[in-house]
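Data first, discussion second: the structure below is written as structure tokens.
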Amino acid sequence: MKQFSLLLLAILLYAATSAQLPRVLILATGGTIAGAGNAADRAGYKAGALPIDDLLNAVPQIHKVAKVSGEQIASVGSQDISIDVWLTLNKRINEVFEKNEADAIVITHGTDTKEETSYFLNLTVRYNKPVILTGSMRPATAISADGPKNLYDAVTVAASPLSKGRGVLVVFNEGIYDGRDVVKISTTKVNAFVSPNLGPLGQVYDGKVTYYMSSMRKSTSQTPFDVRNLTKLPKVGIVYMYADADETAINAFVAAKYDAIVIAGVGNGNFNKAYMAAVEKAIKAGVVVCRATRTSSGRVVLEDEIDDEKLGTIVSDDLNPAKARVLLMLGLTQTKDKKQLQQYFFEY
Ligand code: ASP
């Protein structure tokens with residue numbers, strides 16, 4: 001009888017503790033974190049091969065941190081992430097929070113385009129609850145795979161009350177990064193992410209979350225970008241500038257009726273005379289042109305070596321070309337006014 005009572009007490013205690021844990025929903029999209037290779041000591045693998053349940057089974061400790069459930073949204077290497085996947089993710093995240101299905105969301109995602117997805121969601125999710133992206137550089141089958149630890153850390157950050165109201169974050173290799181600022185800087189190393197201009201917001205270590213900074217830029221419900229009812233976005237292309245480049249790529253985007261072009265310029269968003277002439281023509285044809293930089297850090301500043309007022313260009317501030325494209329696609333859903341579009345780059 002005494003034994004039975006003790007067992008009942010233990011069950012009740014367990015039920016009470018787990019009822020108090022935050023509910024974290026994992027939305028899986030694929031990537032190396034779900035990758036499987038033929039041998040633990042070889043780098044080759046197929047991204048996105050493993051389902052979400054296999055990822056969760058590799059980290060049983062996660063269930064002490066949160067009430068975790070999983071959903072498969074896609075199973076792709078993130079080189080194949082599309083606007084369709086972004087819109088699907090966006091809809092599902094907003095729906096989960098609207099219906100109070102979870103307290104926080106973790107998205108497992110390949111590392112190649114994670115910085116684009118994180119910024120897209122940072123601008124379009126309508127709720128202030130934690131949304132955290134994570135992934136891995138080594139497949140699940142590798143020696144010293146980094147996925148289980150990154151997933152555990154991401155759920156820890158998602159479950160922390162300190163993570164509310166910070167927009168969409170990326171957790172990787174114990175760093176907590178703003179989804180706007182984070183970029184991938186290594187092709188193969190496990191410390192693949194940094195925020196080159198501003199540094200990480202905080203750290204997660206040994207199950208504890210510490211923040212040191214907050215972003216001053218507006219995100220999630222503070223932006224006007226509600227894409228829940230959209231099925232496509234305006235077309236924005238990126239053109240890389242290099243020594244002796246000619247105008248072929250710019251002209252091709254204009255001919256293909258793109259709405260805007262981001263130039264990955266040199267230095268402070270500079271480009272040569274051939275580009276200058278092609279940009280002038282593009283702007284006359286109604287295409288918005290934004291100057292960004294191929295340089296890995298720093299801002300692109302208005303009216304420095306290029307007379308933006310005269311040419312009609314806008315600048316990306318400190319967003320890299322891929323992120324500038326994301327903001328332009330969303331900005332163009334609201335306006336074609338260049339002053340307003342430029343303002344978006346200084347606010348979001
Ligand atoms: N190509 C993979 C992806 O982005 C690389 C990774 O996840 O690390 O899905």
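The chains in the structure tokens are called A, B, ... from first to last as shown; in each chain the residues are counted from 1, and the ligands are counted from 1 in the order shown.
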- Show me which residues sit within 6 Å of ligand 1 when counting only C-alpha atoms and all ligand atoms, and put them as a PyMOL selection string. chain A and resi 31-32+47+77-79+110-112+136-137
- Message: Need to verify the contact set: Ala260 of chain A, 7 Å, only C-alpha atoms, exclusion of same-chain residues closer than 2 positions in sequence. Can you return it as a list in words?
- Response: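 In the requested form, the answer reads Lys235, Val236, Gly237, Tyr258, Val262, Val287, Val288 and Val289 of chain A.
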What does the file look like for those residues with all heavy atoms, as a JSON list (two decimals), in the first residue's frame?
```
[["chain", "number", "residue", "atom", "x", "y", "z"],
["A", 235, "LYS", "N", 9.70, 39.94, -57.65],
["A", 235, "LYS", "CA", 10.95, 39.29, -58.07],
["A", 235, "LYS", "C", 12.14, 40.23, -57.90],
["A", 235, "LYS", "O", 12.16, 41.33, -58.47],
["A", 235, "LYS", "CB", 10.83, 38.86, -59.53],
["A", 235, "LYS", "CG", 9.99, 37.60, -59.69],
["A", 235, "LYS", "CD", 9.59, 37.35, -61.10],
["A", 235, "LYS", "CE", 10.68, 36.68, -61.87],
["A", 235, "LYS", "NZ", 10.24, 36.24, -63.21],
["A", 236, "VAL", "N", 13.11, 39.79, -57.11],
["A", 236, "VAL", "CA", 14.31, 40.61, -56.88],
["A", 236, "VAL", "C", 15.54, 39.74, -57.16],
["A", 236, "VAL", "O", 15.66, 38.64, -56.61],
["A", 236, "VAL", "CB", 14.36, 41.13, -55.42],
["A", 236, "VAL", "CG1", 15.61, 41.98, -55.20],
["A", 236, "VAL", "CG2", 13.09, 41.93, -55.08],
["A", 237, "GLY", "N", 16.42, 40.22, -58.03],
["A", 237, "GLY", "CA", 17.63, 39.47, -58.37],
["A", 237, "GLY", "C", 18.87, 40.12, -57.76],
["A", 237, "GLY", "O", 18.83, 41.28, -57.33],
["A", 258, "TYR", "N", 12.22, 41.73, -63.79],
["A", 258, "TYR", "CA", 12.37, 41.72, -62.34],
["A", 258, "TYR", "C", 11.93, 43.07, -61.77],
["A", 258, "TYR", "O", 12.07, 44.10, -62.44],
["A", 258, "TYR", "CB", 13.83, 41.42, -61.95],
["A", 258, "TYR", "CG", 14.08, 39.94, -61.82],
["A", 258, "TYR", "CD1", 13.81, 39.08, -62.89],
["A", 258, "TYR", "CD2", 14.56, 39.39, -60.64],
["A", 258, "TYR", "CE1", 14.01, 37.72, -62.76],
["A", 258, "TYR", "CE2", 14.77, 38.03, -60.51],
["A", 258, "TYR", "CZ", 14.49, 37.20, -61.57],
["A", 258, "TYR", "OH", 14.68, 35.84, -61.43],
["A", 262, "VAL", "N", 19.45, 43.88, -56.54],
["A", 262, "VAL", "CA", 20.42, 44.25, -55.52],
["A", 262, "VAL", "C", 21.79, 44.07, -56.16],
["A", 262, "VAL", "O", 22.07, 43.01, -56.73],
["A", 262, "VAL", "CB", 20.31, 43.33, -54.28],
["A", 262, "VAL", "CG1", 21.41, 43.63, -53.28],
["A", 262, "VAL", "CG2", 18.94, 43.46, -53.63],
["A", 287, "VAL", "N", 12.80, 49.69, -62.62],
["A", 287, "VAL", "CA", 13.34, 48.67, -61.69],
["A", 287, "VAL", "C", 14.00, 49.38, -60.50],
["A", 287, "VAL", "O", 14.75, 50.34, -60.69],
["A", 287, "VAL", "CB", 14.38, 47.79, -62.42],
["A", 287, "VAL", "CG1", 14.97, 46.75, -61.47],
["A", 287, "VAL", "CG2", 13.75, 47.12, -63.64],
["A", 288, "VAL", "N", 13.70, 48.93, -59.30],
["A", 288, "VAL", "CA", 14.35, 49.51, -58.11],
["A", 288, "VAL", "C", 15.75, 48.91, -58.00],
["A", 288, "VAL", "O", 15.92, 47.69, -58.12],
["A", 288, "VAL", "CB", 13.54, 49.19, -56.84],
["A", 288, "VAL", "CG1", 14.26, 49.67, -55.58],
["A", 288, "VAL", "CG2", 12.14, 49.81, -56.93],
["A", 289, "VAL", "N", 16.76, 49.75, -57.77],
["A", 289, "VAL", "CA", 18.13, 49.23, -57.63],
["A", 289, "VAL", "C", 18.68, 49.60, -56.25],
["A", 289, "VAL", "O", 18.69, 50.77, -55.87],
["A", 289, "VAL", "CB", 19.06, 49.75, -58.75],
["A", 289, "VAL", "CG1", 20.48, 49.20, -58.56],
["A", 289, "VAL", "CG2", 18.52, 49.35, -60.13]]
```
- Query: How many Å separate atom CA of Gly202 of chain A from atom CA of Ile176 of chain A?
  - Reply: 5.0 Å
Could you give me, as a tab-separated table, every segment 9-91 of chain A residue with an atom at most 9 Å from segment 212-232 of chain A, plus its closest atom pair and distance in Å to one decimal, counting only C-alpha atoms, rows ordered by chain then number?
```
residue	atom	partner	partner_atom	distance
A:Ile83	CA	A:Lys232	CA	7.1
A:Asp84	CA	A:Thr231	CA	7.4
A:Leu87	CA	A:Thr231	CA	7.2
A:Thr88	CA	A:Arg228	CA	8.8
A:Asn90	CA	A:Arg228	CA	7.0
A:Lys91	CA	A:Arg228	CA	5.6
```
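Atom to atom, atom CA of Asn270 of chain A and atom CA of Ile81 of chain A stand 29.7 Å apart.
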- Spatial neighbours of His109 of chain A, 9 Å, only C-alpha atoms, chain gap at least 4 places, as a list of chain:residue names: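 Near His109 of chain A, the qualifying residues are A:Leu27, A:Ala28, A:Thr29, A:Gly30, A:Gly31, A:Thr32, A:Ile33, A:Ala34, A:Gly48, A:Val76, A:Gly77, A:Ser78, A:Thr113, A:Lys114, A:Thr117, A:Leu133, A:Thr134, A:Gly135, A:Ser136.
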For the residues in that selection, give me N, CA, C and O atoms as a PDB file, in the first residue's frame.
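Saved result, again34.pdb, follows:
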```
ATOM      1  N   LEU A  27       9.558  22.642 -35.905  1.00  0.00           N
ATOM      2  CA  LEU A  27       9.184  22.558 -37.319  1.00  0.00           C
ATOM      3  C   LEU A  27      10.451  22.183 -38.088  1.00  0.00           C
ATOM      4  O   LEU A  27      11.432  22.943 -38.096  1.00  0.00           O
ATOM      5  N   ALA A  28      10.433  21.014 -38.703  1.00  0.00           N
ATOM      6  CA  ALA A  28      11.644  20.524 -39.374  1.00  0.00           C
ATOM      7  C   ALA A  28      11.574  20.817 -40.869  1.00  0.00           C
ATOM      8  O   ALA A  28      10.531  20.637 -41.497  1.00  0.00           O
ATOM      9  N   THR A  29      12.689  21.294 -41.414  1.00  0.00           N
ATOM     10  CA  THR A  29      12.715  21.567 -42.865  1.00  0.00           C
ATOM     11  C   THR A  29      13.805  20.775 -43.596  1.00  0.00           C
ATOM     12  O   THR A  29      13.912  20.873 -44.806  1.00  0.00           O
ATOM     13  N   GLY A  30      14.648  20.032 -42.838  1.00  0.00           N
ATOM     14  CA  GLY A  30      15.721  19.269 -43.490  1.00  0.00           C
ATOM     15  C   GLY A  30      17.079  19.832 -43.122  1.00  0.00           C
ATOM     16  O   GLY A  30      17.292  20.267 -42.002  1.00  0.00           O
ATOM     17  N   GLY A  31      18.019  19.836 -44.069  1.00  0.00           N
ATOM     18  CA  GLY A  31      19.369  20.339 -43.800  1.00  0.00           C
ATOM     19  C   GLY A  31      20.282  19.251 -43.284  1.00  0.00           C
ATOM     20  O   GLY A  31      19.882  18.093 -43.108  1.00  0.00           O
ATOM     21  N   THR A  32      21.518  19.623 -42.995  1.00  0.00           N
ATOM     22  CA  THR A  32      22.516  18.661 -42.531  1.00  0.00           C
ATOM     23  C   THR A  32      22.146  18.073 -41.181  1.00  0.00           C
ATOM     24  O   THR A  32      22.495  16.934 -40.865  1.00  0.00           O
ATOM     25  N   ILE A  33      21.442  18.830 -40.351  1.00  0.00           N
ATOM     26  CA  ILE A  33      21.049  18.304 -39.030  1.00  0.00           C
ATOM     27  C   ILE A  33      20.216  17.031 -39.205  1.00  0.00           C
ATOM     28  O   ILE A  33      20.223  16.150 -38.363  1.00  0.00           O
ATOM     29  N   ALA A  34      19.513  16.935 -40.339  1.00  0.00           N
ATOM     30  CA  ALA A  34      18.757  15.719 -40.651  1.00  0.00           C
ATOM     31  C   ALA A  34      19.482  14.911 -41.730  1.00  0.00           C
ATOM     32  O   ALA A  34      18.887  14.121 -42.450  1.00  0.00           O
ATOM     33  N   GLY A  48      18.813  16.346 -45.152  1.00  0.00           N
ATOM     34  CA  GLY A  48      17.347  16.230 -45.032  1.00  0.00           C
ATOM     35  C   GLY A  48      16.813  14.814 -45.082  1.00  0.00           C
ATOM     36  O   GLY A  48      15.619  14.600 -45.280  1.00  0.00           O
ATOM     37  N   VAL A  76      14.460  19.239 -47.155  1.00  0.00           N
ATOM     38  CA  VAL A  76      15.377  19.664 -48.224  1.00  0.00           C
ATOM     39  C   VAL A  76      16.683  20.184 -47.648  1.00  0.00           C
ATOM     40  O   VAL A  76      16.739  20.633 -46.503  1.00  0.00           O
ATOM     41  N   GLY A  77      17.734  20.112 -48.475  1.00  0.00           N
ATOM     42  CA  GLY A  77      18.942  20.876 -48.182  1.00  0.00           C
ATOM     43  C   GLY A  77      18.538  22.338 -48.354  1.00  0.00           C
ATOM     44  O   GLY A  77      17.720  22.642 -49.235  1.00  0.00           O
ATOM     45  N   SER A  78      19.096  23.239 -47.550  1.00  0.00           N
ATOM     46  CA  SER A  78      18.537  24.601 -47.592  1.00  0.00           C
ATOM     47  C   SER A  78      18.922  25.355 -48.853  1.00  0.00           C
ATOM     48  O   SER A  78      18.393  26.425 -49.120  1.00  0.00           O
ATOM     49  N   THR A 113      21.211  28.614 -46.306  1.00  0.00           N
ATOM     50  CA  THR A 113      20.347  29.798 -46.492  1.00  0.00           C
ATOM     51  C   THR A 113      19.621  30.175 -45.201  1.00  0.00           C
ATOM     52  O   THR A 113      18.643  30.920 -45.241  1.00  0.00           O
ATOM     53  N   LYS A 114      20.137  29.673 -44.077  1.00  0.00           N
ATOM     54  CA  LYS A 114      19.480  29.954 -42.784  1.00  0.00           C
ATOM     55  C   LYS A 114      19.366  31.464 -42.538  1.00  0.00           C
ATOM     56  O   LYS A 114      18.371  31.952 -42.018  1.00  0.00           O
ATOM     57  N   THR A 117      16.250  32.813 -44.354  1.00  0.00           N
ATOM     58  CA  THR A 117      14.998  32.390 -43.716  1.00  0.00           C
ATOM     59  C   THR A 117      14.815  33.103 -42.376  1.00  0.00           C
ATOM     60  O   THR A 117      13.711  33.548 -42.044  1.00  0.00           O
ATOM     61  N   LEU A 133      15.848  29.409 -34.938  1.00  0.00           N
ATOM     62  CA  LEU A 133      16.333  28.485 -35.977  1.00  0.00           C
ATOM     63  C   LEU A 133      17.635  27.850 -35.513  1.00  0.00           C
ATOM     64  O   LEU A 133      18.480  28.520 -34.909  1.00  0.00           O
ATOM     65  N   THR A 134      17.784  26.568 -35.826  1.00  0.00           N
ATOM     66  CA  THR A 134      19.064  25.919 -35.580  1.00  0.00           C
ATOM     67  C   THR A 134      19.343  24.916 -36.692  1.00  0.00           C
ATOM     68  O   THR A 134      18.568  24.791 -37.641  1.00  0.00           O
ATOM     69  N   GLY A 135      20.460  24.231 -36.583  1.00  0.00           N
ATOM     70  CA  GLY A 135      20.842  23.264 -37.622  1.00  0.00           C
ATOM     71  C   GLY A 135      22.160  22.644 -37.212  1.00  0.00           C
ATOM     72  O   GLY A 135      22.499  22.636 -36.021  1.00  0.00           O
ATOM     73  N   SER A 136      22.909  22.161 -38.170  1.00  0.00           N
ATOM     74  CA  SER A 136      24.224  21.607 -37.820  1.00  0.00           C
ATOM     75  C   SER A 136      25.119  21.650 -39.044  1.00  0.00           C
ATOM     76  O   SER A 136      24.655  21.791 -40.173  1.00  0.00           O
TER      77      SER A 136
END
```
- Query: Nearest to Ser160 of chain A: which of A:Gly269, A:Pro139, A:Gly312, A:Pro22 is it, counting only C-alpha atoms?
  - Reply: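 Closest residue, counting only C-alpha atoms: A:Pro22.
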- 8 Å contact set for Asp178 of chain A, only C-alpha atoms, chain neighbours under 3 positions out, as a list in words: Arg166, Gly167, Val168, Leu169, Val170, Asp181, Val182, Ser195, Pro200, Leu201 and Ser215 of chain A
Save the residues we just selected, N, CA and C atoms, as a PDB file, in the first residue's frame?
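Wrote out-v4.pdb, looks like this:
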```pdb
ATOM      1  N   ARG A 166      12.189  39.190 -28.697  1.00  0.00           N
ATOM      2  CA  ARG A 166      13.492  39.467 -29.308  1.00  0.00           C
ATOM      3  C   ARG A 166      13.503  39.196 -30.804  1.00  0.00           C
ATOM      4  N   GLY A 167      12.331  38.979 -31.393  1.00  0.00           N
ATOM      5  CA  GLY A 167      12.291  38.648 -32.815  1.00  0.00           C
ATOM      6  C   GLY A 167      12.756  37.220 -33.030  1.00  0.00           C
ATOM      7  N   VAL A 168      13.075  36.892 -34.275  1.00  0.00           N
ATOM      8  CA  VAL A 168      13.486  35.527 -34.618  1.00  0.00           C
ATOM      9  C   VAL A 168      14.999  35.406 -34.404  1.00  0.00           C
ATOM     10  N   LEU A 169      15.403  34.332 -33.733  1.00  0.00           N
ATOM     11  CA  LEU A 169      16.817  34.166 -33.367  1.00  0.00           C
ATOM     12  C   LEU A 169      17.408  32.920 -34.030  1.00  0.00           C
ATOM     13  N   VAL A 170      18.729  32.889 -34.118  1.00  0.00           N
ATOM     14  CA  VAL A 170      19.436  31.677 -34.562  1.00  0.00           C
ATOM     15  C   VAL A 170      20.332  31.227 -33.409  1.00  0.00           C
ATOM     16  N   ASP A 181      20.843  39.844 -38.232  1.00  0.00           N
ATOM     17  CA  ASP A 181      22.270  40.138 -38.387  1.00  0.00           C
ATOM     18  C   ASP A 181      23.131  38.919 -38.706  1.00  0.00           C
ATOM     19  N   VAL A 182      22.614  37.726 -38.390  1.00  0.00           N
ATOM     20  CA  VAL A 182      23.463  36.535 -38.463  1.00  0.00           C
ATOM     21  C   VAL A 182      23.821  36.165 -39.913  1.00  0.00           C
ATOM     22  N   SER A 195      27.542  37.287 -36.224  1.00  0.00           N
ATOM     23  CA  SER A 195      26.897  38.544 -36.631  1.00  0.00           C
ATOM     24  C   SER A 195      28.056  39.510 -36.843  1.00  0.00           C
ATOM     25  N   PRO A 200      27.156  38.396 -31.233  1.00  0.00           N
ATOM     26  CA  PRO A 200      25.965  37.644 -30.792  1.00  0.00           C
ATOM     27  C   PRO A 200      25.182  38.419 -29.736  1.00  0.00           C
ATOM     28  N   LEU A 201      23.883  38.084 -29.599  1.00  0.00           N
ATOM     29  CA  LEU A 201      23.070  38.712 -28.549  1.00  0.00           C
ATOM     30  C   LEU A 201      23.356  38.070 -27.199  1.00  0.00           C
ATOM     31  N   SER A 215      18.520  43.888 -29.949  1.00  0.00           N
ATOM     32  CA  SER A 215      18.551  44.602 -31.220  1.00  0.00           C
ATOM     33  C   SER A 215      17.684  45.858 -31.126  1.00  0.00           C
TER      34      SER A 215
END
```
- Item | Nearest-residue call for Lys46 of chain A, choices A:Arg138, A:Arg180, A:Arg23, A:Lys281, using only C-alpha atoms | A:Arg138
- Item | Those in segment 200-315 of chain A with strand (DSSP E) from DSSP, as a ChimeraX atom specification | /A:202-205,208-211,236-240,260-265,288-293,314-315
